[in-house]
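Chemist: Just dropping this structure here.
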Amino acid sequence: MSDFIVKKPLNNNVLIAQDNYQNEVVLIGSGIGFNFKKNDSVEEEFVEKLFVLRDQEQQDQYKKIVPQIDEYLLQKIIDSINMIQKRSSEILNEKVHVALTDHLLFAINRLEKGMAIINPFLSETKILYPLEYEIAADIVDFLNQQLDINLPDGEIGFIALHVHSAIYNRKISDINRYSQLITQLINIIETKLSIKIDRAGIEYIRLVRHIRYTIDRLVEGEVVQEPKKIAELLKTEYPICYNLSWKLMKIIQQTLKKPVYEAEAVYLTMHLQRLYQKYE
């Protein structure tokens, strides 16, 4: 029995097929869509890459996108996804094929129309996801060279979120929501304490990472021990930062719909007090 039966070629290098277990798969290979027609048998030696889109909506979306893309561009996007796989020890979430392809098409289309690509969360993304940001920077450099375009630095941040989503199997919508939340909280901190935090400074990096790990703990339901004596001390000695910390915790709680524990407010108070003292 052959390895795959062709169901539908999408372009010269991509086709939809069925494997021996009746799973619908996407096959990628040089000329594979040109050389094989519907119901043809395809041996594994002709396949350079295979992935399964188990979600019907993802399948339908990919089938719509691929025939509309220039084949050279599609190959460079596939090469970009391969770059992510080579740099990661994890098996990528297959949704990255649809999500990143769709995103890059949108970004390149905006670029060609002269529309600005602005990323308000770039500095936070670079701190939150350093490996993903590094991979995304390489992808942007690769695409700019191969396609003779000029995707801006802001695009590195957007692609980094897709890289994180692919590696850690997290929804892009959730990742975006957390990034926006962190930016919102930092803006509130600067306003309430009447300070402007140096985005290149170590204090900013520590603060962003602390908030990120707080969010991760709350999402995962991890409970941190409550240091009662320290809480009382901070409440008395640093009321401004302690009250601000609780205000921020309430915003996190409302956004995540998760309970917040006093220990988290205590540890955030310590960060805020250090910042306050430095900039005061």
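Identifiers in this document derive from the order of the structure tokens: chains are assigned A, B, ..., residues are numbered from 1 separately in each chain, and ligands are numbered from 1 in order of occurrence.
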Residues within 9 Å of segment 197-211 of chain A, please, as a PyMOL selection string. Count only C-alpha atoms; anything in the same chain fewer than 3 positions from it doesn't count.
Modeler: chain A and resi 123-124+127-128+182-183+185-186+190+214-216+267-268+271-272+274-275+279
Chemist: Please save all heavy atoms of the selected residues as a compact mmCIF listing (two decimals), in the first residue's frame.
Modeler:
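File selection33.txt, as written:
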# COMPACT_ATOMS: atom_id res chain seq x y z
N SER A 123 9.23 46.29 23.46
CA SER A 123 10.24 46.18 24.52
C SER A 123 9.86 45.10 25.52
O SER A 123 10.71 44.33 25.99
CB SER A 123 10.43 47.52 25.23
OG SER A 123 9.23 47.97 25.82
N GLU A 124 8.55 44.99 25.83
CA GLU A 124 8.11 43.94 26.76
C GLU A 124 8.31 42.55 26.16
O GLU A 124 8.76 41.63 26.84
CB GLU A 124 6.63 44.14 27.12
CG GLU A 124 6.35 45.31 28.04
CD GLU A 124 6.21 46.63 27.30
OE1 GLU A 124 6.35 46.65 26.07
OE2 GLU A 124 5.98 47.64 27.96
N ILE A 127 11.88 41.32 26.35
CA ILE A 127 12.26 40.89 27.69
C ILE A 127 11.57 39.58 28.07
O ILE A 127 12.18 38.68 28.65
CB ILE A 127 11.90 41.99 28.72
CG1 ILE A 127 12.75 43.24 28.48
CG2 ILE A 127 12.09 41.49 30.15
CD1 ILE A 127 12.27 44.46 29.24
N LEU A 128 10.28 39.48 27.74
CA LEU A 128 9.49 38.31 28.15
C LEU A 128 9.92 37.03 27.44
O LEU A 128 9.95 35.96 28.03
CB LEU A 128 8.01 38.57 27.87
CG LEU A 128 7.32 39.62 28.73
CD1 LEU A 128 5.94 39.94 28.18
CD2 LEU A 128 7.22 39.13 30.17
N ILE A 182 0.58 43.45 30.89
CA ILE A 182 1.85 43.89 31.47
C ILE A 182 2.12 45.36 31.12
O ILE A 182 2.52 46.15 31.98
CB ILE A 182 3.01 42.98 30.99
CG1 ILE A 182 2.87 41.59 31.62
CG2 ILE A 182 4.37 43.59 31.34
CD1 ILE A 182 3.78 40.54 31.02
N THR A 183 1.90 45.73 29.86
CA THR A 183 2.09 47.12 29.44
C THR A 183 1.16 48.05 30.21
O THR A 183 1.57 49.13 30.66
CB THR A 183 1.84 47.26 27.93
OG1 THR A 183 2.73 46.39 27.22
CG2 THR A 183 2.09 48.69 27.46
N LEU A 185 -0.14 47.58 33.20
CA LEU A 185 0.29 47.66 34.59
C LEU A 185 1.50 48.58 34.76
O LEU A 185 1.57 49.37 35.71
CB LEU A 185 0.63 46.26 35.12
CG LEU A 185 -0.54 45.25 35.17
CD1 LEU A 185 -0.05 43.89 35.61
CD2 LEU A 185 -1.65 45.73 36.09
N ILE A 186 2.44 48.51 33.83
CA ILE A 186 3.63 49.36 33.92
C ILE A 186 3.26 50.84 33.73
O ILE A 186 3.79 51.71 34.41
CB ILE A 186 4.69 48.91 32.89
CG1 ILE A 186 5.29 47.57 33.36
CG2 ILE A 186 5.79 49.96 32.75
CD1 ILE A 186 6.16 46.90 32.37
N GLU A 190 3.98 53.81 36.49
CA GLU A 190 4.66 55.08 36.19
C GLU A 190 3.78 56.28 36.55
O GLU A 190 4.27 57.28 37.08
CB GLU A 190 5.05 55.12 34.71
CG GLU A 190 6.17 54.15 34.35
CD GLU A 190 6.59 54.26 32.90
OE1 GLU A 190 5.71 54.42 32.02
OE2 GLU A 190 7.80 54.17 32.64
N THR A 214 4.35 36.25 37.75
CA THR A 214 3.15 36.34 38.57
C THR A 214 1.94 35.86 37.77
O THR A 214 1.13 35.06 38.25
CB THR A 214 2.91 37.79 39.05
OG1 THR A 214 4.01 38.21 39.84
CG2 THR A 214 1.63 37.90 39.87
N ILE A 215 1.81 36.37 36.55
CA ILE A 215 0.71 35.97 35.67
C ILE A 215 0.76 34.47 35.40
O ILE A 215 -0.26 33.78 35.48
CB ILE A 215 0.75 36.76 34.35
CG1 ILE A 215 0.40 38.23 34.61
CG2 ILE A 215 -0.21 36.16 33.31
CD1 ILE A 215 0.62 39.14 33.42
N ASP A 216 1.95 33.94 35.10
CA ASP A 216 2.09 32.50 34.85
C ASP A 216 1.63 31.68 36.05
O ASP A 216 0.94 30.67 35.90
CB ASP A 216 3.55 32.16 34.52
CG ASP A 216 3.96 32.59 33.12
OD1 ASP A 216 3.05 32.96 32.33
OD2 ASP A 216 5.16 32.58 32.80
N TYR A 267 5.32 40.52 47.28
CA TYR A 267 6.54 40.47 46.47
C TYR A 267 6.57 41.60 45.44
O TYR A 267 7.63 42.17 45.15
CB TYR A 267 6.68 39.11 45.79
CG TYR A 267 6.92 38.00 46.77
CD1 TYR A 267 6.13 36.85 46.78
CD2 TYR A 267 7.93 38.09 47.73
CE1 TYR A 267 6.35 35.82 47.70
CE2 TYR A 267 8.15 37.08 48.65
CZ TYR A 267 7.36 35.95 48.63
OH TYR A 267 7.57 34.96 49.56
N LEU A 268 5.40 41.96 44.91
CA LEU A 268 5.36 43.07 43.95
C LEU A 268 5.65 44.39 44.67
O LEU A 268 6.31 45.27 44.11
CB LEU A 268 3.99 43.12 43.26
CG LEU A 268 3.82 44.23 42.21
CD1 LEU A 268 4.93 44.15 41.15
CD2 LEU A 268 2.45 44.15 41.56
N HIS A 271 9.33 45.06 44.73
CA HIS A 271 9.83 45.56 43.44
C HIS A 271 9.48 47.04 43.28
O HIS A 271 10.31 47.84 42.84
CB HIS A 271 9.21 44.75 42.29
CG HIS A 271 9.93 43.49 42.00
ND1 HIS A 271 11.04 43.42 41.18
CD2 HIS A 271 9.71 42.23 42.43
CE1 HIS A 271 11.46 42.17 41.12
NE2 HIS A 271 10.67 41.43 41.86
N LEU A 272 8.25 47.39 43.60
CA LEU A 272 7.79 48.77 43.44
C LEU A 272 8.57 49.72 44.35
O LEU A 272 8.93 50.83 43.94
CB LEU A 272 6.29 48.86 43.75
CG LEU A 272 5.35 48.10 42.81
CD1 LEU A 272 3.91 48.29 43.25
CD2 LEU A 272 5.54 48.53 41.36
N ARG A 274 11.63 49.35 45.50
CA ARG A 274 12.99 49.55 44.95
C ARG A 274 12.98 50.57 43.81
O ARG A 274 13.85 51.41 43.69
CB ARG A 274 13.56 48.20 44.47
CG ARG A 274 14.14 47.34 45.59
CD ARG A 274 15.06 46.27 45.03
NE ARG A 274 14.37 45.31 44.21
CZ ARG A 274 13.87 44.16 44.68
NH1 ARG A 274 14.00 43.85 45.96
NH2 ARG A 274 13.27 43.31 43.87
N LEU A 275 11.97 50.44 42.93
CA LEU A 275 11.83 51.38 41.82
C LEU A 275 11.59 52.80 42.34
O LEU A 275 12.22 53.76 41.89
CB LEU A 275 10.63 50.98 40.95
CG LEU A 275 10.87 50.03 39.78
CD1 LEU A 275 9.55 49.70 39.13
CD2 LEU A 275 11.81 50.64 38.77
N TYR A 279 14.05 56.07 41.61
CA TYR A 279 13.64 57.22 40.77
C TYR A 279 13.23 58.45 41.58
O TYR A 279 13.07 59.52 41.03
CB TYR A 279 12.51 56.80 39.82
CG TYR A 279 12.99 55.93 38.69
CD1 TYR A 279 12.95 54.54 38.78
CD2 TYR A 279 13.52 56.51 37.52
CE1 TYR A 279 13.41 53.74 37.74
CE2 TYR A 279 13.98 55.72 36.50
CZ TYR A 279 13.93 54.34 36.61
OH TYR A 279 14.39 53.56 35.58
Chemist: Which residues are near Glu264 of chain A? Cut-off 10 Å, only C-alpha atoms, ignore same chain within fewer than 6 positions. Put them as a PDB file with N, CA and C atoms, in the first residue's frame.
Modeler:
ATOM      1  N   HIS A 210       9.066  39.862  36.570  1.00  0.00           N
ATOM      2  CA  HIS A 210       8.337  39.531  37.795  1.00  0.00           C
ATOM      3  C   HIS A 210       6.827  39.474  37.527  1.00  0.00           C
ATOM      4  N   ILE A 211       6.318  40.472  36.802  1.00  0.00           N
ATOM      5  CA  ILE A 211       4.882  40.491  36.493  1.00  0.00           C
ATOM      6  C   ILE A 211       4.517  39.298  35.617  1.00  0.00           C
ATOM      7  N   THR A 214       4.353  36.254  37.754  1.00  0.00           N
ATOM      8  CA  THR A 214       3.147  36.336  38.575  1.00  0.00           C
ATOM      9  C   THR A 214       1.938  35.864  37.774  1.00  0.00           C
ATOM     10  N   ILE A 215       1.814  36.371  36.546  1.00  0.00           N
ATOM     11  CA  ILE A 215       0.708  35.966  35.669  1.00  0.00           C
ATOM     12  C   ILE A 215       0.756  34.466  35.400  1.00  0.00           C
ATOM     13  N   ARG A 217       2.046  32.113  37.254  1.00  0.00           N
ATOM     14  CA  ARG A 217       1.662  31.374  38.465  1.00  0.00           C
ATOM     15  C   ARG A 217       0.145  31.381  38.661  1.00  0.00           C
ATOM     16  N   LEU A 218      -0.465  32.526  38.436  1.00  0.00           N
ATOM     17  CA  LEU A 218      -1.907  32.639  38.629  1.00  0.00           C
ATOM     18  C   LEU A 218      -2.668  31.820  37.590  1.00  0.00           C
ATOM     19  N   VAL A 223       0.107  28.380  44.099  1.00  0.00           N
ATOM     20  CA  VAL A 223      -0.053  29.208  45.295  1.00  0.00           C
ATOM     21  C   VAL A 223       1.307  29.471  45.929  1.00  0.00           C
ATOM     22  N   VAL A 224       1.583  30.752  46.210  1.00  0.00           N
ATOM     23  CA  VAL A 224       2.835  31.148  46.863  1.00  0.00           C
ATOM     24  C   VAL A 224       2.566  31.348  48.347  1.00  0.00           C
ATOM     25  N   GLN A 225       3.500  30.903  49.182  1.00  0.00           N
ATOM     26  CA  GLN A 225       3.345  31.048  50.635  1.00  0.00           C
ATOM     27  C   GLN A 225       3.238  32.520  51.029  1.00  0.00           C
ATOM     28  N   GLU A 226       2.347  32.808  51.949  1.00  0.00           N
ATOM     29  CA  GLU A 226       2.128  34.188  52.371  1.00  0.00           C
ATOM     30  C   GLU A 226       3.017  34.567  53.554  1.00  0.00           C
ATOM     31  N   PRO A 227       3.951  35.491  53.346  1.00  0.00           N
ATOM     32  CA  PRO A 227       4.836  35.928  54.440  1.00  0.00           C
ATOM     33  C   PRO A 227       4.120  36.973  55.305  1.00  0.00           C
ATOM     34  N   SER A 245       0.381  48.073  44.771  1.00  0.00           N
ATOM     35  CA  SER A 245       0.532  46.655  44.452  1.00  0.00           C
ATOM     36  C   SER A 245      -0.825  45.953  44.441  1.00  0.00           C
ATOM     37  N   TRP A 246      -1.648  46.238  45.442  1.00  0.00           N
ATOM     38  CA  TRP A 246      -2.968  45.613  45.500  1.00  0.00           C
ATOM     39  C   TRP A 246      -3.881  46.098  44.379  1.00  0.00           C
ATOM     40  N   MET A 249      -2.870  44.083  41.489  1.00  0.00           N
ATOM     41  CA  MET A 249      -3.330  42.701  41.652  1.00  0.00           C
ATOM     42  C   MET A 249      -4.812  42.562  41.316  1.00  0.00           C
TER      43      MET A 249
END
Chemist: Please return, as a ChimeraX atom specification, all residues of segment 26-195 of chain A that DSSP assigns to alpha helix (DSSP H) on the basis of the backbone.
Modeler: /A:32-35,56-65,71-87,96-112,122-128,130-147,153-168,172-193
Chemist: Can you list, as a ChimeraX atom specification, every protein, DNA or RNA residue that comes within 12 Å of Asn12 of chain A when you count only C-alpha atoms, leaving out same-chain residues fewer than 3 positions away?
Modeler: /A:8-9,15-16,27-37,66-67,69-72,74-75
Chemist: As a ChimeraX atom specification, please: the residues near Pro120 of chain A (cut-off 10 Å, only C-alpha atoms, same-chain neighbours under 2 positions excluded).
Modeler: /A:117-118,122-125,154,157,179-180,183
Chemist: Any chance you could export the current selection's C-alpha atoms as a PDB file, in the first residue's frame?
Modeler:
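This went into result-v3.pdb:
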ATOM      1  CA  ILE A 117       3.622  48.515  11.320  1.00  0.00           C
ATOM      2  CA  ILE A 118       3.631  49.729  14.922  1.00  0.00           C
ATOM      3  CA  LEU A 122       8.030  45.477  21.490  1.00  0.00           C
ATOM      4  CA  SER A 123      10.240  46.181  24.522  1.00  0.00           C
ATOM      5  CA  GLU A 124       8.109  43.944  26.760  1.00  0.00           C
ATOM      6  CA  THR A 125       8.146  41.116  24.204  1.00  0.00           C
ATOM      7  CA  GLY A 154       8.139  45.953  15.320  1.00  0.00           C
ATOM      8  CA  GLY A 157       7.855  41.301  18.259  1.00  0.00           C
ATOM      9  CA  SER A 179       1.500  41.351  26.919  1.00  0.00           C
ATOM     10  CA  GLN A 180      -1.145  44.072  26.870  1.00  0.00           C
ATOM     11  CA  THR A 183       2.094  47.123  29.439  1.00  0.00           C
TER      12      THR A 183
END
Chemist: For segment 77-193 of chain A versus segment 38-58 of chain A, which residues have an atom no more than 10 Å away, and what is each residue's nearest atom pair and distance in Å rounded to one decimal, using only C-alpha atoms, chain-then-number order, as JSON lines?
Modeler:
{"residue": "A:Ile78", "atom": "CA", "partner": "A:Lys49", "partner_atom": "CA", "distance": 9.4}
{"residue": "A:Asn82", "atom": "CA", "partner": "A:Lys49", "partner_atom": "CA", "distance": 9.4}
{"residue": "A:Asn93", "atom": "CA", "partner": "A:Leu53", "partner_atom": "CA", "distance": 9.7}
{"residue": "A:Glu94", "atom": "CA", "partner": "A:Leu53", "partner_atom": "CA", "distance": 6.5}
{"residue": "A:Lys95", "atom": "CA", "partner": "A:Gln58", "partner_atom": "CA", "distance": 7.1}
{"residue": "A:His97", "atom": "CA", "partner": "A:Phe51", "partner_atom": "CA", "distance": 8.9}
{"residue": "A:Val98", "atom": "CA", "partner": "A:Gln58", "partner_atom": "CA", "distance": 6.7}
{"residue": "A:Ala99", "atom": "CA", "partner": "A:Gln58", "partner_atom": "CA", "distance": 8.9}
Chemist: Take the residues that were just selected and, keeping C-alpha atoms, output them as an mmCIF file, in the first residue's frame.
Modeler:
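Writing done, so here's result.cif:
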data_model
loop_
_atom_site.group_PDB
_atom_site.id
_atom_site.type_symbol
_atom_site.label_atom_id
_atom_site.label_comp_id
_atom_site.auth_asym_id
_atom_site.auth_seq_id
_atom_site.Cartn_x
_atom_site.Cartn_y
_atom_site.Cartn_z
ATOM 1 C CA ILE A 78 7.871 27.339 5.144
ATOM 2 C CA ASN A 82 11.686 25.216 9.679
ATOM 3 C CA ASN A 93 2.081 23.198 17.360
ATOM 4 C CA GLU A 94 0.958 22.575 13.776
ATOM 5 C CA LYS A 95 -1.309 25.644 13.887
ATOM 6 C CA HIS A 97 1.589 26.867 9.609
ATOM 7 C CA VAL A 98 -1.742 28.647 9.307
ATOM 8 C CA ALA A 99 -1.186 31.400 11.898
#
